[in-house]
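Enquirer: Input structure: target.txt, which contains compact mmCIF, C-alpha atoms.
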# COMPACT_ATOMS: atom_id res chain seq x y z
CA MET G 7 10.99 2.59 -24.61
CA VAL G 8 12.60 -0.84 -24.58
CA PHE G 9 11.75 -3.17 -21.69
CA SER G 10 13.46 -6.35 -20.60
CA SER G 11 10.26 -7.58 -18.94
CA LYS G 12 6.82 -8.13 -20.42
CA LEU G 13 5.25 -7.85 -16.95
CA LEU G 14 6.84 -4.44 -16.48
CA GLU G 15 5.87 -3.34 -19.97
CA ASP G 16 2.24 -4.35 -19.41
CA ALA G 17 1.99 -2.48 -16.12
CA VAL G 18 3.56 0.65 -17.66
CA ALA G 19 1.15 0.43 -20.60
CA GLU G 20 -1.82 0.27 -18.21
CA PHE G 21 -0.65 3.30 -16.24
CA SER G 22 -0.08 5.23 -19.47
CA LYS G 23 -3.83 5.09 -20.09
CA LEU G 24 -4.44 7.42 -17.15
CA PRO G 25 -4.90 11.14 -17.86
CA GLY G 26 -1.68 13.17 -17.89
CA VAL G 27 0.51 10.09 -17.51
CA GLY G 28 3.17 9.57 -20.17
CA LYS G 29 5.45 6.56 -20.49
CA LYS G 30 8.17 7.99 -18.26
CA THR G 31 5.76 8.94 -15.49
CA ALA G 32 4.07 5.55 -15.77
CA LEU G 33 7.45 3.84 -15.42
CA ARG G 34 8.27 5.88 -12.32
CA MET G 35 4.94 4.90 -10.76
CA VAL G 36 5.32 1.23 -11.60
CA LEU G 37 8.88 1.12 -10.22
CA GLN G 38 7.59 2.75 -7.04
CA LEU G 39 4.96 0.00 -6.74
CA LEU G 40 7.68 -2.58 -7.35
CA LYS G 41 9.60 -1.15 -4.39
CA MET G 42 6.59 -1.32 -2.09
CA ASP G 43 5.88 -4.55 -0.18
CA LYS G 44 3.38 -6.98 -1.63
CA GLU G 45 0.65 -6.21 0.92
CA SER G 46 0.74 -2.50 0.04
CA VAL G 47 0.44 -3.24 -3.66
CA ASN G 48 -2.35 -5.67 -2.88
CA SER G 49 -4.25 -2.98 -0.98
CA PHE G 50 -3.67 -0.64 -3.95
CA THR G 51 -5.15 -3.03 -6.49
CA THR G 52 -7.96 -4.05 -4.15
CA ALA G 53 -8.98 -0.43 -3.54
CA VAL G 54 -9.02 0.28 -7.28
CA ALA G 55 -10.99 -2.89 -8.11
CA ARG G 56 -13.53 -2.32 -5.32
CA MET G 57 -13.94 1.34 -6.29
CA ARG G 58 -14.76 0.36 -9.87
CA ASN G 59 -16.95 -2.62 -9.06
CA GLU G 60 -18.85 -1.44 -5.99
CA ILE G 61 -19.35 2.31 -6.43
CA VAL G 62 -22.89 3.29 -7.35
CA PHE G 63 -24.53 6.60 -8.17
CA CYS G 64 -26.97 8.25 -5.74
CA LYS G 65 -30.51 7.77 -7.04
CA TYR G 66 -31.39 11.37 -6.12
CA CYS G 67 -28.41 13.57 -6.99
CA HIS G 68 -26.29 11.15 -9.14
CA ASN G 69 -23.29 11.74 -6.89
CA ILE G 70 -20.83 8.89 -6.37
CA ALA G 71 -21.95 6.80 -3.42
CA ASP G 72 -21.30 3.53 -1.61
CA THR G 73 -25.03 2.83 -1.26
CA ASP G 74 -27.99 3.88 -3.40
CA VAL G 75 -28.35 7.20 -1.55
CA CYS G 76 -25.21 9.30 -1.05
CA THR G 77 -24.01 10.59 2.32
CA ILE G 78 -25.06 14.15 1.44
CA CYS G 79 -28.65 13.31 0.42
CA VAL G 80 -29.06 11.06 3.47
CA ASN G 81 -27.78 13.72 5.88
CA SER G 82 -30.80 15.20 7.68
CA SER G 83 -28.86 18.28 8.82
CA ARG G 84 -28.40 19.53 5.24
CA ASN G 85 -30.65 22.29 3.93
CA ARG G 86 -33.17 20.61 1.63
CA LEU G 87 -34.44 23.91 0.22
CA GLN G 88 -31.30 24.47 -1.87
CA ILE G 89 -29.88 22.37 -4.68
CA CYS G 90 -26.51 23.27 -6.16
CA VAL G 91 -26.39 22.14 -9.79
CA VAL G 92 -22.90 21.06 -10.89
CA GLU G 93 -21.30 19.24 -13.77
CA ASN G 94 -19.53 16.40 -11.96
CA ILE G 95 -18.16 14.90 -8.76
CA ARG G 96 -15.01 17.05 -8.87
CA ASP G 97 -17.17 20.16 -8.48
CA VAL G 98 -18.95 18.61 -5.49
CA ILE G 99 -15.63 17.83 -3.82
CA ALA G 100 -14.38 21.38 -4.50
CA ILE G 101 -17.52 23.00 -3.04
CA GLU G 102 -17.67 20.61 -0.07
CA SER G 103 -14.04 21.43 0.71
CA THR G 104 -14.98 25.11 1.22
CA GLN G 105 -17.30 24.00 4.07
CA GLN G 106 -19.47 27.01 3.23
CA TYR G 107 -22.41 25.23 1.57
CA ASN G 108 -24.94 23.16 3.45
CA GLY G 109 -27.56 22.39 0.81
CA LEU G 110 -27.97 19.44 -1.54
CA TYR G 111 -26.44 18.83 -4.97
CA HIS G 112 -27.49 17.66 -8.39
CA LEU G 113 -24.88 16.33 -10.80
CA LEU G 114 -25.74 16.86 -14.45
CA GLY G 115 -23.03 14.50 -15.64
CA GLY G 116 -21.80 17.06 -18.16
CA ILE G 117 -22.95 20.27 -19.84
CA LEU G 118 -24.83 20.90 -23.07
CA SER G 119 -22.42 20.82 -25.98
CA PRO G 120 -24.02 20.42 -29.41
CA LEU G 121 -20.58 20.25 -31.05
CA ASP G 122 -19.74 17.14 -28.99
CA GLY G 123 -23.21 15.73 -29.55
CA ILE G 124 -24.26 16.21 -25.92
CA GLY G 125 -27.92 17.20 -25.77
CA PRO G 126 -30.35 17.56 -22.82
CA GLU G 127 -31.25 13.86 -23.07
CA HIS G 128 -27.64 12.94 -22.12
CA LEU G 129 -27.74 14.98 -18.91
CA ASN G 130 -29.56 14.43 -15.62
CA ILE G 131 -32.05 17.24 -16.28
CA ASP G 132 -35.28 15.23 -16.10
CA SER G 133 -34.45 13.95 -12.64
CA LEU G 134 -33.64 17.53 -11.57
CA TYR G 135 -37.06 18.63 -12.82
CA GLN G 136 -38.71 15.83 -10.82
CA ARG G 137 -36.84 16.80 -7.65
CA VAL G 138 -37.83 20.46 -8.00
CA LYS G 139 -41.43 19.49 -8.75
CA ASN G 140 -41.88 16.89 -6.02
CA ASP G 141 -39.55 18.01 -3.23
CA GLU G 142 -39.45 21.15 -1.13
CA VAL G 143 -36.74 22.88 -3.24
CA LYS G 144 -36.80 26.68 -3.17
CA GLU G 145 -33.52 27.56 -4.92
CA LEU G 146 -31.37 26.09 -7.67
CA ILE G 147 -27.80 27.41 -7.49
CA MET G 148 -26.21 26.92 -10.91
CA ALA G 149 -22.48 26.29 -10.39
CA LEU G 150 -21.38 25.49 -13.95
CA SER G 151 -18.25 26.46 -15.88
CA PRO G 152 -18.25 30.09 -17.07
CA THR G 153 -18.16 29.06 -20.72
CA ILE G 154 -20.63 29.37 -23.56
CA GLU G 155 -21.67 25.74 -22.99
CA GLY G 156 -22.10 26.39 -19.27
CA ASP G 157 -24.21 29.49 -19.88
CA THR G 158 -26.31 27.63 -22.47
CA THR G 159 -26.95 24.88 -19.93
CA VAL G 160 -27.98 27.44 -17.29
CA TYR G 161 -30.45 29.07 -19.70
CA TYR G 162 -31.83 25.71 -20.84
CA ILE G 163 -32.45 24.55 -17.28
CA ALA G 164 -33.93 27.90 -16.27
CA LYS G 165 -36.38 27.58 -19.17
CA GLN G 166 -37.31 24.03 -18.16
CA MET G 167 -38.04 25.13 -14.60
CA SER G 168 -40.23 28.09 -15.60
CA GLY G 169 -43.63 27.62 -14.03
CA LEU G 170 -42.18 25.87 -10.98
CA PRO G 171 -41.93 27.91 -7.75
CA VAL G 172 -38.13 27.89 -7.61
CA THR G 173 -35.56 30.70 -7.67
CA ILE G 174 -32.60 30.15 -9.96
CA THR G 175 -29.27 31.76 -9.10
CA THR G 176 -25.72 31.39 -10.40
CA ILE G 177 -22.49 31.55 -8.42
CA ALA G 178 -20.72 34.94 -8.55
CA ARG G 179 -18.16 35.55 -11.27
CA GLY G 180 -15.30 37.98 -10.82
CA ILE G 181 -11.65 38.42 -10.03
CA ALA G 182 -10.41 35.52 -7.88
CA PHE G 183 -8.97 36.17 -4.42
CA GLY G 184 -5.24 36.52 -4.83
CA GLY G 185 -5.72 37.04 -8.57
CA GLU G 186 -3.90 39.95 -10.10
CA LEU G 187 -6.08 42.39 -11.98
CA GLU G 188 -3.71 42.78 -14.91
CA TYR G 189 -3.76 39.06 -15.64
CA ALA G 190 -7.55 38.69 -15.59
CA ASP G 191 -9.14 38.07 -18.98
CA GLU G 192 -11.21 40.90 -20.49
CA MET G 193 -14.53 39.09 -20.12
CA THR G 194 -14.05 38.46 -16.41
CA LEU G 195 -12.79 41.98 -15.78
CA ALA G 196 -15.64 43.54 -17.76
CA ARG G 197 -18.24 41.45 -15.92
CA SER G 198 -16.73 42.11 -12.53
CA ILE G 199 -16.94 45.86 -13.16
CA ALA G 200 -20.49 45.61 -14.49
CA LYS G 201 -21.58 43.49 -11.52
CA ARG G 202 -19.67 45.53 -8.91
CA LEU G 203 -20.78 45.24 -5.29
CA PRO G 204 -21.39 47.83 -2.58
CA ILE G 205 -18.47 47.77 -0.17
CA GLU G 206 -20.60 46.34 2.70
CA ASN G 207 -21.21 43.18 0.69
CA TYR G 208 -17.51 42.84 0.05
CA VAL G 209 -16.61 43.08 3.73
CA SER G 210 -19.30 40.58 4.72
CA ILE G 211 -17.67 37.73 2.85
CA ASN G 212 -17.00 34.77 5.15
CA GLY G 213 -19.58 36.19 7.52
CA LYS G 214 -17.04 38.58 9.07
CA LYS G 215 -18.93 41.82 8.28
CA MET E 107 -10.79 17.02 0.38
CA VAL E 108 -14.26 15.85 1.40
CA PHE E 109 -15.59 12.68 -0.24
CA SER E 110 -19.11 11.32 -0.31
CA SER E 111 -17.80 7.79 -0.85
CA LYS E 112 -15.41 5.73 1.24
CA LEU E 113 -14.58 3.56 -1.80
CA LEU E 114 -13.57 6.66 -3.76
CA GLU E 115 -11.61 8.06 -0.83
CA ASP E 116 -9.68 4.79 -0.39
CA ALA E 117 -8.76 4.59 -4.07
CA VAL E 118 -7.62 8.23 -4.09
CA ALA E 119 -5.54 7.62 -0.95
CA GLU E 120 -3.84 4.65 -2.62
CA PHE E 121 -2.99 6.65 -5.76
CA SER E 122 -1.66 9.51 -3.62
CA LYS E 123 1.11 7.19 -2.43
CA LEU E 124 2.66 7.16 -5.90
CA PRO E 125 5.55 9.55 -6.60
CA GLY E 126 4.52 13.00 -7.82
CA VAL E 127 0.82 12.30 -7.35
CA GLY E 128 -1.08 14.72 -5.12
CA LYS E 129 -4.70 14.40 -4.03
CA LYS E 130 -6.10 16.27 -7.05
CA THR E 131 -4.11 14.24 -9.56
CA ALA E 132 -5.06 11.04 -7.74
CA LEU E 133 -8.72 12.00 -7.94
CA ARG E 134 -8.45 12.69 -11.67
CA MET E 135 -6.87 9.27 -12.22
CA VAL E 136 -9.45 7.46 -10.11
CA LEU E 137 -12.34 9.20 -11.88
CA GLN E 138 -10.81 8.20 -15.19
CA LEU E 139 -10.73 4.57 -14.03
CA LEU E 140 -14.34 4.92 -12.92
CA LYS E 141 -15.25 6.00 -16.45
CA MET E 142 -13.49 3.02 -18.03
CA ASP E 143 -15.38 -0.26 -18.42
CA LYS E 144 -14.92 -2.95 -15.80
CA GLU E 145 -12.79 -5.22 -18.02
CA SER E 146 -10.28 -2.41 -18.63
CA VAL E 147 -9.99 -1.68 -14.92
CA ASN E 148 -9.65 -5.39 -14.29
CA SER E 149 -6.77 -5.61 -16.76
CA PHE E 150 -5.21 -2.58 -15.03
CA THR E 151 -5.32 -4.14 -11.56
CA THR E 152 -4.25 -7.55 -12.89
CA ALA E 153 -1.22 -6.09 -14.68
CA VAL E 154 -0.15 -4.24 -11.52
CA ALA E 155 -0.66 -7.27 -9.27
CA ARG E 156 1.16 -9.64 -11.65
CA MET E 157 4.02 -7.18 -12.09
CA ARG E 158 4.52 -6.98 -8.31
CA ASN E 159 4.07 -10.68 -7.61
CA GLU E 160 5.79 -12.31 -10.58
CA ILE E 161 8.68 -10.05 -11.54
CA VAL E 162 12.08 -11.41 -10.57
CA PHE E 163 15.59 -10.04 -10.87
CA CYS E 164 18.09 -11.46 -13.34
CA LYS E 165 20.59 -13.62 -11.50
CA TYR E 166 23.46 -12.24 -13.57
CA CYS E 167 22.85 -8.50 -14.02
CA HIS E 168 20.03 -7.87 -11.45
CA ASN E 169 17.86 -6.35 -14.16
CA ILE E 170 14.08 -6.77 -13.89
CA ALA E 171 13.06 -9.97 -15.63
CA ASP E 172 10.17 -12.37 -16.13
CA THR E 173 12.39 -15.42 -15.64
CA ASP E 174 15.62 -15.88 -13.68
CA VAL E 175 17.76 -14.65 -16.58
CA CYS E 176 16.74 -11.39 -18.28
CA THR E 177 16.17 -11.01 -22.04
CA ILE E 178 19.42 -9.07 -22.43
CA CYS E 179 21.67 -11.61 -20.67
CA VAL E 180 20.02 -14.48 -22.53
CA ASN E 181 20.44 -12.81 -25.93
CA SER E 182 23.34 -14.52 -27.71
CA SER E 183 23.77 -11.66 -30.21
CA ARG E 184 24.84 -9.20 -27.48
CA ASN E 185 28.52 -8.40 -27.01
CA ARG E 186 29.63 -10.32 -23.89
CA LEU E 187 32.95 -8.47 -23.71
CA GLN E 188 31.33 -5.25 -22.45
CA ILE E 189 29.35 -4.63 -19.29
CA CYS E 190 27.70 -1.26 -18.76
CA VAL E 191 27.42 -0.56 -15.02
CA VAL E 192 24.32 1.47 -14.12
CA GLU E 193 22.40 2.43 -11.02
CA ASN E 194 18.94 1.06 -11.84
CA ILE E 195 16.43 -0.21 -14.38
CA ARG E 196 15.55 3.31 -15.58
CA ASP E 197 19.11 3.76 -16.79
CA VAL E 198 18.95 0.45 -18.68
CA ILE E 199 15.72 1.52 -20.39
CA ALA E 200 17.24 4.90 -21.29
CA ILE E 201 20.39 3.34 -22.78
CA GLU E 202 18.47 0.57 -24.58
CA SER E 203 16.21 3.21 -26.12
CA THR E 204 19.22 4.79 -27.86
CA GLN E 205 19.77 1.46 -29.70
CA GLN E 206 23.50 2.31 -29.75
CA TYR E 207 24.74 -0.16 -27.15
CA ASN E 208 24.93 -3.89 -27.72
CA GLY E 209 26.77 -5.13 -24.63
CA LEU E 210 25.51 -6.44 -21.30
CA TYR E 211 24.53 -4.54 -18.16
CA HIS E 212 25.09 -4.71 -14.44
CA LEU E 213 22.66 -2.94 -12.09
CA LEU E 214 24.22 -1.80 -8.84
CA GLY E 215 20.85 -1.10 -7.26
CA GLY E 216 22.03 2.34 -6.12
CA ILE E 217 25.26 4.27 -5.64
CA LEU E 218 27.55 4.67 -2.66
CA SER E 219 26.18 7.30 -0.33
CA PRO E 220 27.64 7.31 3.18
CA LEU E 221 25.23 10.06 4.25
CA ASP E 222 22.26 7.82 3.43
CA GLY E 223 24.00 4.83 4.99
CA ILE E 224 24.51 3.08 1.64
CA GLY E 225 27.83 1.25 1.65
CA PRO E 226 29.40 -1.23 -0.81
CA GLU E 227 27.65 -4.13 0.95
CA HIS E 228 24.26 -2.73 -0.08
CA LEU E 229 25.16 -2.67 -3.78
CA ASN E 230 25.62 -5.48 -6.31
CA ILE E 231 29.40 -5.03 -6.43
CA ASP E 232 30.43 -8.54 -5.34
CA SER E 233 28.44 -10.13 -8.15
CA LEU E 234 30.03 -7.66 -10.61
CA TYR E 235 33.47 -8.75 -9.39
CA GLN E 236 32.52 -12.41 -9.92
CA ARG E 237 31.29 -11.72 -13.45
CA VAL E 238 34.47 -9.87 -14.39
CA LYS E 239 36.61 -12.60 -12.81
CA ASN E 240 34.82 -15.62 -14.25
CA ASP E 241 33.37 -14.37 -17.56
CA GLU E 242 35.05 -13.06 -20.68
CA VAL E 243 34.53 -9.36 -19.81
CA LYS E 244 37.06 -6.95 -21.33
CA GLU E 245 35.50 -3.56 -20.52
CA LEU E 246 33.37 -2.07 -17.76
CA ILE E 247 31.57 1.08 -18.93
CA MET E 248 30.62 3.10 -15.87
CA ALA E 249 27.37 4.97 -16.62
CA LEU E 250 26.60 6.51 -13.22
CA SER E 251 25.24 9.91 -12.28
CA PRO E 252 27.82 12.73 -12.58
CA THR E 253 27.64 13.48 -8.86
CA ILE E 254 30.13 13.13 -6.03
CA GLU E 255 28.40 9.87 -5.02
CA GLY E 256 28.56 8.60 -8.62
CA ASP E 257 32.24 9.45 -8.94
CA THR E 258 32.97 7.84 -5.56
CA THR E 259 31.26 4.67 -6.73
CA VAL E 260 33.27 4.66 -9.96
CA TYR E 261 36.55 4.99 -8.03
CA TYR E 262 35.53 2.33 -5.51
CA ILE E 263 34.66 -0.18 -8.23
CA ALA E 264 37.81 0.66 -10.22
CA LYS E 265 39.85 -0.09 -7.10
CA GLN E 266 38.04 -3.38 -6.53
CA MET E 267 38.76 -4.48 -10.09
CA SER E 268 42.46 -3.63 -9.99
CA GLY E 269 44.41 -6.76 -10.77
CA LEU E 270 41.73 -8.10 -13.10
CA PRO E 271 42.38 -7.81 -16.87
CA VAL E 272 39.52 -5.38 -17.52
CA THR E 273 39.48 -1.82 -18.90
CA ILE E 274 37.29 0.63 -17.02
CA THR E 275 35.77 3.56 -18.91
CA THR E 276 33.11 6.15 -18.09
CA ILE E 277 30.55 7.64 -20.41
CA ALA E 278 31.50 11.06 -21.84
CA ARG E 279 30.47 14.18 -19.96
CA GLY E 280 29.90 17.49 -21.70
CA ILE E 281 27.40 19.93 -23.07
CA ALA E 282 24.24 18.07 -24.11
CA PHE E 283 23.04 18.16 -27.71
CA GLY E 284 20.61 21.03 -27.99
CA GLY E 285 21.88 22.41 -24.68
CA GLU E 286 22.71 26.09 -24.62
CA LEU E 287 26.21 26.93 -23.49
CA GLU E 288 25.17 29.82 -21.29
CA TYR E 289 22.86 27.60 -19.23
CA ALA E 290 25.41 24.83 -18.63
CA ASP E 291 26.71 24.62 -15.07
CA GLU E 292 30.31 25.66 -14.43
CA MET E 293 31.52 22.14 -13.65
CA THR E 294 30.17 20.70 -16.89
CA LEU E 295 31.47 23.59 -18.95
CA ALA E 296 34.90 23.45 -17.31
CA ARG E 297 35.15 19.68 -17.86
CA SER E 298 33.95 19.90 -21.43
CA ILE E 299 36.68 22.45 -22.21
CA ALA E 300 39.35 20.42 -20.42
CA LYS E 301 38.28 17.24 -22.21
CA ARG E 302 37.83 18.88 -25.61
CA LEU E 303 37.91 16.65 -28.69
CA PRO E 304 39.68 16.97 -32.04
CA ILE E 305 37.14 18.03 -34.66
CA GLU E 306 37.37 14.66 -36.48
CA ASN E 307 36.02 12.88 -33.41
CA TYR E 308 33.14 15.34 -33.21
CA VAL E 309 32.11 14.78 -36.80
CA SER E 310 32.31 11.01 -36.44
CA ILE E 311 29.51 10.86 -33.86
CA ASN E 312 26.75 8.55 -35.02
CA GLY E 313 29.19 6.94 -37.42
CA LYS E 314 28.65 9.67 -40.02
CA LYS E 315 32.29 10.89 -40.16
Now that the file is in, can you turn its structure into structure tokens?

Expert:
Amino acid sequence: MVFSSKLLEDAVAEFSKLPGVGKKTALRMVLQLLKMDKESVNSFTTAVARMRNEIVFCKYCHNIADTDVCTICVNSSRNRLQICVVENIRDVIAIESTQQYNGLYHLLGGILSPLDGIGPEHLNIDSLYQRVKNDEVKELIMALSPTIEGDTTVYYIAKQMSGLPVTITTIARGIAFGGELEYADEMTLARSIAKRLPIENYVSINGKK
Amino acid sequence: MVFSSKLLEDAVAEFSKLPGVGKKTALRMVLQLLKMDKESVNSFTTAVARMRNEIVFCKYCHNIADTDVCTICVNSSRNRLQICVVENIRDVIAIESTQQYNGLYHLLGGILSPLDGIGPEHLNIDSLYQRVKNDEVKELIMALSPTIEGDTTVYYIAKQMSGLPVTITTIARGIAFGGELEYADEMTLARSIAKRLPIENYVSINGKK
């Protein structure tokens, strides 16, 4: 791409660093910003700069927060007996958006992946152990990716927690709502048949029973 | 989407204003910025702010520029006898990237579109007339979208220039290289048959003859 402006070229280059953004998309975004009034662009850059410079991580669950304890951990109406263990903030947002879970979270910051050099010491497993040991936690709900790495992480954490009075569960795997059976992968289909549910359980989803 | 951080939410909301960026994409971009070190994010916001605040438009061709005359208009090795008339900066970048055109440009800033309330007074047509009248221009190459609005704009400009010693041409329309005949629209196919070329012309594309 040939630019007639260094300022434009620099801005496009910066946008191209974002995930899934190629040069053409970056150019479209930058030209859109150029069309916007200066105050709007100023609020854009200010929001980005503040986000990067002021965001902190919750000292309990490692979630993104504006203060040292996140809004979920500080919320006294949440169920403190349950901790949902997830990989990252995107999982928290996805689960929170369902509005079906009222417990706490714990963000591992990744999953075990020996091939990528990610061992237990790189994840927030120690702090999880301390929370289970010192707080009133009764259940750890493992909500990790259904991959070999995810399963390995679940088993590793379960082993670490052995001896502590906590129940470990994992979220249900199966055919997604709206998913067509014929397009499901073999592993999912095989598991969903093996772990089939009595029809009463099926009907009771969403508390409708 | 439910966020545990106002800072995060604000940044995601700002990114969502960009074209083709939904909430999920915006979140992915913001989390990527959060992973980057503070200097990189600082150079991102600085590049965007400078681009918006310092970019100017070339006083001759209305192209985006860092100074009041763009790098193309200031370049003495460009052919000043030709002006390629385009809609916007994206078209200039596309044509420059072919490295096949060595003339000047003129950016209309849009095309005539009565339905959207865009008339000749909203476009840079007067300044084009002045350039053709006062400079040594011999040819206007109209490189506008092959739509009714584009064609209308071409005819309007051609009419405005009548009386001036300038040749007006349009870029060739036809089946794109690599395009499959059966997927071409009827209008393009019909035009490309009507405007068929002797085989010598075809072979001479790219100067290979």

Enquirer: Find the spatial neighbours of range 61-72 of chain G, counting only C-alpha atoms, within a cut-off of 7 Å - ignore same-chain residues fewer than 6 positions away - and output them as an NGL selection string.

Expert: (:G and (95 or 111-113)) or (:E and (110-113))

Enquirer: Hey, can you check how far CA of Thr51 in chain G sits from CA of Val154 in chain E?

Expert: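 Spanning CA of Thr51 in chain G to CA of Val154 in chain E is a straight-line distance of 7.2 Å.
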
Enquirer: Find the residue from G:Asp157, G:Asp74, G:Gly185, G:Gln38 that sits nearest to Leu14 in chain G; use only C-alpha atoms when measuring.

Expert: G:Gln38

Enquirer: Excluding range 118-127 of chain G and its own-chain neighbours fewer than 3 positions away, which residues fall within 10 Å of it when counting only C-alpha atoms? Please give them as an NGL selection string.

Expert: :G and (114-115 or 130-132 or 154-160 or 162-163)

Enquirer: Fewer than 3 positions away in the same chain doesn't count, so skip those; otherwise give me all residues within 12 Å of Ala296 in chain E, counting all atoms listed in the file, as number ranges by chain.

Expert: E: 279-281, 287, 290-293, 299-302

Enquirer: May I have the residues at most 12 Å from (6.2, -3.6, -2.8) in the file's coordinates, counting all atoms listed in the file, as a PyMOL selection string?

Expert: (chain G and resi 35-51) or (chain E and resi 123-124+154-161)

Enquirer: Under the rule that only C-alpha atoms are counted, which of E:Gln236, E:Thr131, E:Thr294, E:Gln206 is the nearest residue to chain G?

Expert: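 Nearest candidate to chain G out of E:Gln236, E:Thr131, E:Thr294, E:Gln206: E:Thr131.
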
Enquirer: Record the distance separating CA of Tyr207 in chain E and CA of Gly269 in chain E, expressed in Å with one decimal.

Expert: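 Separation of CA of Tyr207 in chain E and CA of Gly269 in chain E: 26.4 Å.
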
Enquirer: Could you state the separation of CA of Leu195 in chain G and CA of Phe183 in chain G in Å, given to one decimal place?

Expert: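 According to the coordinates, CA of Leu195 in chain G and CA of Phe183 in chain G are separated by 13.3 Å.
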
Enquirer: Render range 168-185 of chain E from the structure in the preceding block as a file of C-alpha atoms, as a short mmCIF file (atom, residue, chain, number, x, y, z; two decimals), in the first residue's frame.

Expert:
data_model
loop_
_atom_site.label_atom_id
_atom_site.label_comp_id
_atom_site.auth_asym_id
_atom_site.auth_seq_id
_atom_site.Cartn_x
_atom_site.Cartn_y
_atom_site.Cartn_z
CA HIS E 168 -7.62 17.39 -1.94
CA ASN E 169 -5.65 14.25 -1.16
CA ILE E 170 -4.67 13.57 2.45
CA ALA E 171 -1.34 15.20 3.17
CA ASP E 172 1.06 16.11 5.97
CA THR E 173 1.68 19.58 4.52
CA ASP E 174 -0.51 21.82 2.36
CA VAL E 175 0.66 20.16 -0.86
CA CYS E 176 0.62 16.34 -1.01
CA THR E 177 3.63 14.19 -1.94
CA ILE E 178 2.11 13.38 -5.33
CA CYS E 179 1.41 16.98 -6.39
CA VAL E 180 4.85 18.08 -5.18
CA ASN E 181 6.64 15.29 -7.07
CA SER E 182 8.23 16.84 -10.17
CA SER E 183 8.69 13.46 -11.89
CA ARG E 184 4.90 12.92 -12.17
CA ASN E 185 3.16 13.57 -15.48
#
